[in-house]
Structure formats: C-alpha cells, structure tokens
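Note: the block below is entry.csv and it holds CSV, C-alpha atoms and all ligand atoms.
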```
chain,number,residue,atom,x,y,z
A,1,MET,CA,80.9,95.4,126.9
A,2,LYS,CA,83.9,97.4,128.0
A,3,ILE,CA,85.7,95.8,130.9
A,4,ILE,CA,88.8,96.6,132.9
A,5,LEU,CA,90.5,93.7,134.6
A,6,LEU,CA,92.4,94.5,137.8
A,7,GLY,CA,94.4,91.9,139.7
A,8,ALA,CA,97.8,91.4,141.4
A,9,PRO,CA,100.6,89.6,139.6
A,10,GLY,CA,99.9,85.9,140.3
A,11,SER,CA,96.2,86.4,140.9
A,12,GLY,CA,95.2,84.5,137.9
A,13,LYS,CA,94.1,87.5,136.0
A,14,GLY,CA,95.6,86.4,132.6
A,15,THR,CA,93.9,83.0,132.8
A,16,LEU,CA,90.6,84.7,133.6
A,17,ALA,CA,90.9,87.0,130.6
A,18,LYS,CA,91.5,84.0,128.3
A,19,ASN,CA,88.4,82.3,129.6
A,20,ILE,CA,86.3,85.5,129.2
A,21,ILE,CA,87.3,86.0,125.5
A,22,LYS,CA,86.4,82.4,124.7
A,23,ASP,CA,82.8,83.0,125.7
A,24,PHE,CA,82.3,86.7,124.8
A,25,SER,CA,83.4,88.4,121.6
A,26,LEU,CA,85.6,91.0,123.1
A,27,ALA,CA,89.1,92.1,122.2
A,28,HIS,CA,91.7,91.3,124.8
A,29,ILE,CA,94.0,94.3,125.1
A,30,SER,CA,97.1,93.8,127.2
A,31,THR,CA,99.5,96.7,127.3
A,32,GLY,CA,102.5,94.4,127.5
A,33,ASP,CA,101.5,92.8,124.2
A,34,LEU,CA,100.7,96.3,122.7
A,35,PHE,CA,104.1,97.6,123.5
A,36,ARG,CA,105.8,94.5,121.9
A,37,GLU,CA,103.6,94.8,118.8
A,38,CYS,CA,104.1,98.6,118.5
A,39,ILE,CA,107.9,98.2,118.6
A,40,LYS,CA,107.8,95.4,116.0
A,41,SER,CA,105.7,97.6,113.6
A,42,GLY,CA,108.6,100.0,113.3
A,43,SER,CA,106.3,103.0,113.3
A,44,GLU,CA,107.3,106.4,114.6
A,45,LEU,CA,105.6,105.7,117.9
A,46,GLY,CA,107.3,102.2,118.0
A,47,GLU,CA,110.7,103.8,117.6
A,48,LYS,CA,110.0,106.2,120.4
A,49,LEU,CA,108.8,103.4,122.6
A,50,LYS,CA,111.8,101.3,121.9
A,51,SER,CA,114.2,104.0,122.9
A,52,ILE,CA,112.3,104.6,126.1
A,53,ILE,CA,112.3,101.0,127.1
A,54,GLU,CA,115.9,100.5,126.1
A,55,SER,CA,116.9,103.4,128.3
A,56,GLY,CA,115.3,101.5,131.2
A,57,ALA,CA,112.8,104.3,131.9
A,58,LEU,CA,109.1,103.8,132.6
A,59,VAL,CA,106.8,104.4,129.6
A,60,PRO,CA,105.2,107.8,130.3
A,61,ASP,CA,101.5,108.0,130.6
A,62,GLU,CA,101.0,110.0,127.4
A,63,VAL,CA,102.8,107.4,125.3
A,64,THR,CA,100.8,104.5,126.9
A,65,ILE,CA,97.5,106.4,126.4
A,66,GLU,CA,98.3,107.1,122.7
A,67,ILE,CA,99.0,103.4,122.1
A,68,VAL,CA,95.9,102.3,123.8
A,69,LYS,CA,93.8,104.9,122.0
A,70,GLU,CA,95.1,103.7,118.7
A,71,ARG,CA,94.2,100.1,119.6
A,72,LEU,CA,90.7,101.0,120.8
A,73,ASP,CA,90.0,102.6,117.4
A,74,LYS,CA,90.4,99.2,115.7
A,75,ASP,CA,87.3,97.4,114.4
A,76,ASP,CA,87.6,94.4,116.7
A,77,CYS,CA,87.0,96.7,119.7
A,78,LYS,CA,83.6,97.8,118.4
A,79,ASN,CA,81.9,94.9,120.2
A,80,GLY,CA,83.8,95.6,123.3
A,81,PHE,CA,87.1,94.8,125.0
A,82,ILE,CA,88.9,93.7,128.1
A,83,LEU,CA,91.7,96.0,129.2
A,84,ASP,CA,94.4,94.1,131.0
A,85,GLY,CA,97.3,96.1,132.5
A,86,PHE,CA,95.6,99.5,131.8
A,87,PRO,CA,94.9,101.9,133.3
A,88,ARG,CA,97.6,101.8,136.0
A,89,THR,CA,97.3,105.3,137.2
A,90,ILE,CA,94.5,107.8,137.9
A,91,ASN,CA,95.8,110.0,135.1
A,92,GLN,CA,95.5,107.1,132.7
A,93,ALA,CA,92.0,106.3,134.0
A,94,LYS,CA,90.9,109.9,133.5
A,95,GLU,CA,92.3,109.9,129.9
A,96,LEU,CA,90.4,106.7,129.2
A,97,GLU,CA,87.2,108.3,130.4
A,98,LYS,CA,87.6,110.8,127.6
A,99,ILE,CA,87.6,108.2,124.9
A,100,SER,CA,85.5,105.4,126.2
A,101,HIS,CA,82.8,104.5,128.7
A,102,ILE,CA,83.8,101.6,130.9
A,103,ASP,CA,80.9,99.2,131.9
A,104,THR,CA,82.6,97.3,134.7
A,105,VAL,CA,85.8,96.8,136.5
A,106,ILE,CA,86.5,93.2,137.5
A,107,LEU,CA,88.8,92.9,140.5
A,108,VAL,CA,90.5,89.5,140.8
A,109,ASP,CA,91.0,89.0,144.5
A,110,LEU,CA,93.5,86.7,146.1
A,111,SER,CA,95.3,86.9,149.4
A,112,LYS,CA,99.0,87.9,149.5
A,113,GLU,CA,99.9,84.6,151.2
A,114,ILE,CA,98.3,82.5,148.5
A,115,ILE,CA,99.9,84.6,145.7
A,116,ILE,CA,103.4,84.2,147.3
A,117,GLU,CA,102.8,80.5,147.7
A,118,ARG,CA,101.7,80.1,144.0
A,119,LEU,CA,104.3,82.3,142.4
A,120,SER,CA,107.2,81.0,144.4
A,121,ALA,CA,106.3,77.5,143.3
A,122,ARG,CA,106.6,78.6,139.6
A,123,ARG,CA,109.5,77.4,137.5
A,124,THR,CA,110.2,78.7,134.0
A,125,CYS,CA,111.8,77.3,130.9
A,126,LEU,CA,113.9,80.1,129.4
A,127,LYS,CA,114.0,78.4,126.1
A,128,CYS,CA,110.3,78.1,125.3
A,129,GLY,CA,108.7,80.2,128.0
A,130,SER,CA,106.6,77.4,129.6
A,131,THR,CA,105.9,77.7,133.3
A,132,TYR,CA,105.3,74.9,135.7
A,133,ASN,CA,104.6,74.3,139.4
A,134,PHE,CA,107.8,72.7,140.7
A,135,LYS,CA,105.7,69.9,142.2
A,136,ASP,CA,104.6,68.8,138.6
A,137,VAL,CA,108.1,68.5,137.3
A,138,PRO,CA,110.1,66.4,139.8
A,139,ASN,CA,113.2,66.3,137.5
A,140,GLY,CA,113.2,70.0,137.1
A,141,LYS,CA,113.3,69.9,133.3
A,142,CYS,CA,110.9,71.4,130.7
A,143,LEU,CA,108.4,68.9,129.4
A,144,ASN,CA,108.6,70.5,125.9
A,145,CYS,CA,112.3,70.8,125.4
A,146,ASN,CA,114.0,69.1,128.3
A,147,GLU,CA,115.7,72.3,129.3
A,148,GLU,CA,116.7,72.9,132.9
A,149,LEU,CA,113.9,75.0,134.6
A,150,ILE,CA,114.7,78.0,136.7
A,151,GLN,CA,113.1,80.2,139.3
A,152,ARG,CA,112.9,83.7,137.8
A,153,ASP,CA,114.0,86.5,140.1
A,154,ASP,CA,110.5,87.9,139.7
A,155,ASP,CA,109.1,84.7,141.4
A,156,LYS,CA,111.3,84.8,144.5
A,157,PRO,CA,109.4,85.7,147.7
A,158,LEU,CA,111.1,89.0,148.4
A,159,THR,CA,110.6,90.3,144.8
A,160,ILE,CA,107.0,89.1,144.9
A,161,GLN,CA,106.4,91.0,148.1
A,162,ASN,CA,107.7,94.1,146.4
A,163,ARG,CA,105.7,93.6,143.3
A,164,LEU,CA,102.6,93.2,145.4
A,165,GLU,CA,103.3,96.4,147.3
A,166,VAL,CA,103.6,98.3,144.1
A,167,TYR,CA,100.4,96.7,142.8
A,168,GLU,CA,98.5,97.7,145.9
A,169,LYS,CA,99.8,101.2,145.9
A,170,ASN,CA,98.8,101.7,142.3
A,171,THR,CA,95.5,99.9,142.5
A,172,ALA,CA,93.9,101.3,145.6
A,173,PRO,CA,93.3,104.7,144.1
A,174,LEU,CA,91.9,103.1,140.9
A,175,ILE,CA,89.4,101.1,143.0
A,176,ASP,CA,88.3,104.4,144.6
A,177,PHE,CA,88.1,106.1,141.2
A,178,TYR,CA,85.8,103.5,139.7
A,179,GLY,CA,83.7,103.2,142.9
A,180,ASP,CA,80.6,101.0,142.4
A,181,LYS,CA,81.7,99.9,139.0
A,182,VAL,CA,84.2,97.6,140.7
A,183,VAL,CA,83.1,94.0,141.2
A,184,LYS,CA,85.3,91.7,143.3
A,185,PHE,CA,85.7,88.0,142.5
A,186,SER,CA,87.9,85.6,144.5
A,187,SER,CA,90.3,83.5,142.5
A,188,LYS,CA,91.0,81.2,145.5
A,189,GLY,CA,89.4,78.1,143.8
A,190,THR,CA,90.3,76.3,140.6
A,191,VAL,CA,90.3,78.1,137.2
A,192,GLU,CA,86.7,76.9,136.6
A,193,GLU,CA,85.5,77.8,140.0
A,194,THR,CA,86.9,81.3,139.6
A,195,TYR,CA,85.5,81.8,136.1
A,196,ARG,CA,81.9,80.6,136.8
A,197,PRO,CA,80.6,83.5,138.8
A,198,VAL,CA,82.4,86.0,136.5
A,199,LYS,CA,80.7,84.4,133.5
A,200,SER,CA,77.2,84.6,134.9
A,201,PHE,CA,77.9,88.2,136.0
A,202,LEU,CA,79.0,89.2,132.5
A,203,LYS,CA,76.1,87.4,130.9
A,204,LYS,CA,73.7,89.5,132.9
A,205,LEU,CA,75.6,92.6,132.2
A,206,GLU,CA,75.7,91.9,128.5
A,207,ALA,CA,71.9,91.4,128.5
A,208,ASN,CA,71.4,94.7,130.3
A,209,ILE,CA,73.6,96.6,127.8
A,210,GLU,CA,71.9,95.4,124.7
A,301,ZN,ZN,110.9,74.5,127.3
```

Can I see the file as structure tokens?
Amino acid sequence: MKIILLGAPGSGKGTLAKNIIKDFSLAHISTGDLFRECIKSGSELGEKLKSIIESGALVPDEVTIEIVKERLDKDDCKNGFILDGFPRTINQAKELEKISHIDTVILVDLSKEIIIERLSARRTCLKCGSTYNFKDVPNGKCLNCNEELIQRDDDKPLTIQNRLEVYEKNTAPLIDFYGDKVVKFSSKGTVEETYRPVKSFLKKLEANIE
C-alpha cells in the first residue's frame, strides 16, 4: 500500500502514522526525518541540503524530490509506505506520480478551533523534547528531567493561526489534485477512536490490492 498522509499541524497526523505502521508493514517516510538523516550522512546531497537550511531558505522542490526518490528506492519501501510531509506542492505531487502510484490519500480532519486549543495547551521540555498538556503538569516541570517547561513560539495562538493558514493554502490544491483518492477521517475523538476507522479502511484496501 502506498499512502499519503495529509493533516494540519496539531491534527494528530504523526500519532496516526505511528499507529498505522504498528499494524501494517509500511515504511514511515517523514521529510523532516529524511532531511536530518541526509545531513548527518555527509553525502554530497547532504552538504547541499545543509547549506540551504543554514541559509534560512526553503528547500527547493527538486532537492526534496531527489531525497524522497532515493528513499523510496530502498528495500523497506517495496511493501509500501506512508508519506508524511510530502508532497507539499502540486509540483512535488506531479513528480511523485512519475515514480510511484499512490493508492490512497488519508486526510486527517480537525477543526481549527480544536487544533488551536490543543496546540496552545502544549508545553515542551527543551532538554529532552518531551511534550505535555499543561493541565497534566501542574508544577510546569518535565516529568523526565525536572526541567522548566516552556510554550514554544510555534504553539502560541497567533503563530498557530499562521501555520494553519499556510497549511490550508498548500493543501487545498493537493486535495483537488488527488480527487477521489482522498479519504477524510476526523481526529476529534481519542487516539483509538481516530485510528479505528482508518485501520478498517486500510485492511479493506490492502485486501483489494493483493
Ligand atoms: Zn525533559
């Protein structure tokens, strides 16, 4: 199965991806992780990527596509994969079509109000990277390392609003592009409630593909 996962920041997309790969043997491909790995590898492409990111510029489509292509060629993708954070543009989607046939696009749907409420409740430990809902940590300290938790700028309501607008602007054309391959799932409920219908949908899809 070849799956694209679309969802706004704070929609629970990452958690859903983790649940899916537990039950289905698919490679989880996140472009954020790929960029980090590529830079760490010290390859020619990695060096190029490093200088682009250090300059503060956006990674151009052709570089992203090259990195994703390289990743999709690896053995663990033979069984299928979940793309998380790619494609982000129509151009990337068209390039992806040339190298792979996508079976389905899962759109994780959550209202703006709930996303803002969830994200603005998030507190982060800068030392270990753990995140919490502020209600769960009344003393405002990390449960792992007792470090003072902070609210990242990214999680402040105004920034969230901007991130959501960027997401919507980029995603709307992709939803049109993929047409009836797009299947929408609400992530309003708990992690389990969100995953259950996705799982049964993917089970059916898997059976149809084989
Ligand atoms: Zn910590």

Inset, instruction - Please identify every polymer residue within 8 Å of ligand ZN 301 (chain A), using only C-alpha atoms and all ligand atoms, and present the set as a VMD selection string. - result: chain A and resid 124 to 130 141 to 147 149

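Among the candidate residues A:Ser55, A:Asn133, A:Ser25, A:Ser30, the one lying nearest to Leu202 (chain A) is A:Ser25, with distances computed using only C-alpha atoms.
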
Legend entry - Non-local contacts of Val183 (chain A) (7 Å; all atoms listed in the file; under 6 positions in same chain excluded) as a ChimeraX atom specification: /A:105-107

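Distances here use only C-alpha atoms; by that measure, the residue among A:Ser111, A:Thr15, A:Thr104, A:Asn79 closest to Val182 (chain A) is A:Thr104.
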
Legend entry - Interatomic distance, CA of Arg152 (chain A) to CA of Ile21 (chain A) (Å, one decimal): 28.5 Å

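Minimum atom-to-atom distances from A:Asp84, A:Ser43, A:Asp154, A:Val137 to Leu16 (chain A) were compared using only C-alpha atoms, and the lowest value belongs to A:Asp84.
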
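Here CA of Gly140 (chain A) stands at a distance of 21.0 Å from CA of Gly10 (chain A).
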
Inset, instruction - Take CA of Lys181 (chain A) and CA of Asp103 (chain A) and report the distance between them in Å, one decimal. - result: 7.2 Å

Please supply region 43-68 of chain A, rebuilt with N, CA and C atoms, as a compact mmCIF listing (two decimals), keeping the file's coordinate frame.
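And here's out.txt as it stands now:
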```txt
# COMPACT_ATOMS: atom_id res chain seq x y z
N SER A 43 106.86 101.67 113.52
CA SER A 43 106.30 103.00 113.30
C SER A 43 107.03 104.05 114.11
N GLU A 44 106.67 105.28 113.89
CA GLU A 44 107.30 106.40 114.60
C GLU A 44 107.16 106.22 116.12
N LEU A 45 105.92 105.89 116.50
CA LEU A 45 105.60 105.70 117.90
C LEU A 45 106.41 104.46 118.44
N GLY A 46 106.53 103.44 117.59
CA GLY A 46 107.30 102.20 118.00
C GLY A 46 108.74 102.55 118.24
N GLU A 47 109.32 103.38 117.42
CA GLU A 47 110.70 103.80 117.60
C GLU A 47 110.89 104.53 118.92
N LYS A 48 109.93 105.42 119.18
CA LYS A 48 110.00 106.20 120.40
C LYS A 48 109.89 105.28 121.63
N LEU A 49 108.97 104.35 121.56
CA LEU A 49 108.80 103.40 122.60
C LEU A 49 110.01 102.56 122.87
N LYS A 50 110.62 102.13 121.77
CA LYS A 50 111.80 101.30 121.90
C LYS A 50 112.92 102.02 122.61
N SER A 51 113.12 103.30 122.26
CA SER A 51 114.20 104.00 122.90
C SER A 51 113.91 104.26 124.40
N ILE A 52 112.63 104.45 124.72
CA ILE A 52 112.30 104.60 126.10
C ILE A 52 112.56 103.35 126.92
N ILE A 53 112.11 102.23 126.37
CA ILE A 53 112.30 101.00 127.10
C ILE A 53 113.74 100.56 127.18
N GLU A 54 114.48 100.80 126.08
CA GLU A 54 115.90 100.50 126.10
C GLU A 54 116.69 101.31 127.12
N SER A 55 116.22 102.53 127.34
CA SER A 55 116.90 103.40 128.30
C SER A 55 116.60 102.96 129.74
N GLY A 56 115.65 102.03 129.89
CA GLY A 56 115.30 101.50 131.20
C GLY A 56 114.27 102.40 131.93
N ALA A 57 113.76 103.42 131.24
CA ALA A 57 112.80 104.30 131.90
C ALA A 57 111.39 103.69 131.80
N LEU A 58 110.49 104.19 132.64
CA LEU A 58 109.10 103.80 132.60
C LEU A 58 108.43 104.46 131.40
N VAL A 59 107.53 103.75 130.75
CA VAL A 59 106.80 104.40 129.60
C VAL A 59 105.90 105.45 130.17
N PRO A 60 106.08 106.70 129.72
CA PRO A 60 105.20 107.80 130.30
C PRO A 60 103.76 107.59 129.91
N ASP A 61 102.90 108.09 130.79
CA ASP A 61 101.50 108.00 130.60
C ASP A 61 101.01 108.36 129.19
N GLU A 62 101.52 109.51 128.69
CA GLU A 62 101.00 110.00 127.40
C GLU A 62 101.29 109.04 126.27
N VAL A 63 102.43 108.33 126.36
CA VAL A 63 102.80 107.40 125.30
C VAL A 63 101.83 106.14 125.42
N THR A 64 101.68 105.64 126.65
CA THR A 64 100.80 104.50 126.90
C THR A 64 99.39 104.82 126.39
N ILE A 65 98.90 106.00 126.74
CA ILE A 65 97.50 106.40 126.40
C ILE A 65 97.39 106.46 124.86
N GLU A 66 98.40 107.02 124.20
CA GLU A 66 98.30 107.10 122.70
C GLU A 66 98.24 105.74 122.11
N ILE A 67 99.03 104.81 122.62
CA ILE A 67 99.00 103.40 122.10
C ILE A 67 97.69 102.76 122.32
N VAL A 68 97.16 102.92 123.53
CA VAL A 68 95.90 102.30 123.80
C VAL A 68 94.76 102.91 123.00
```
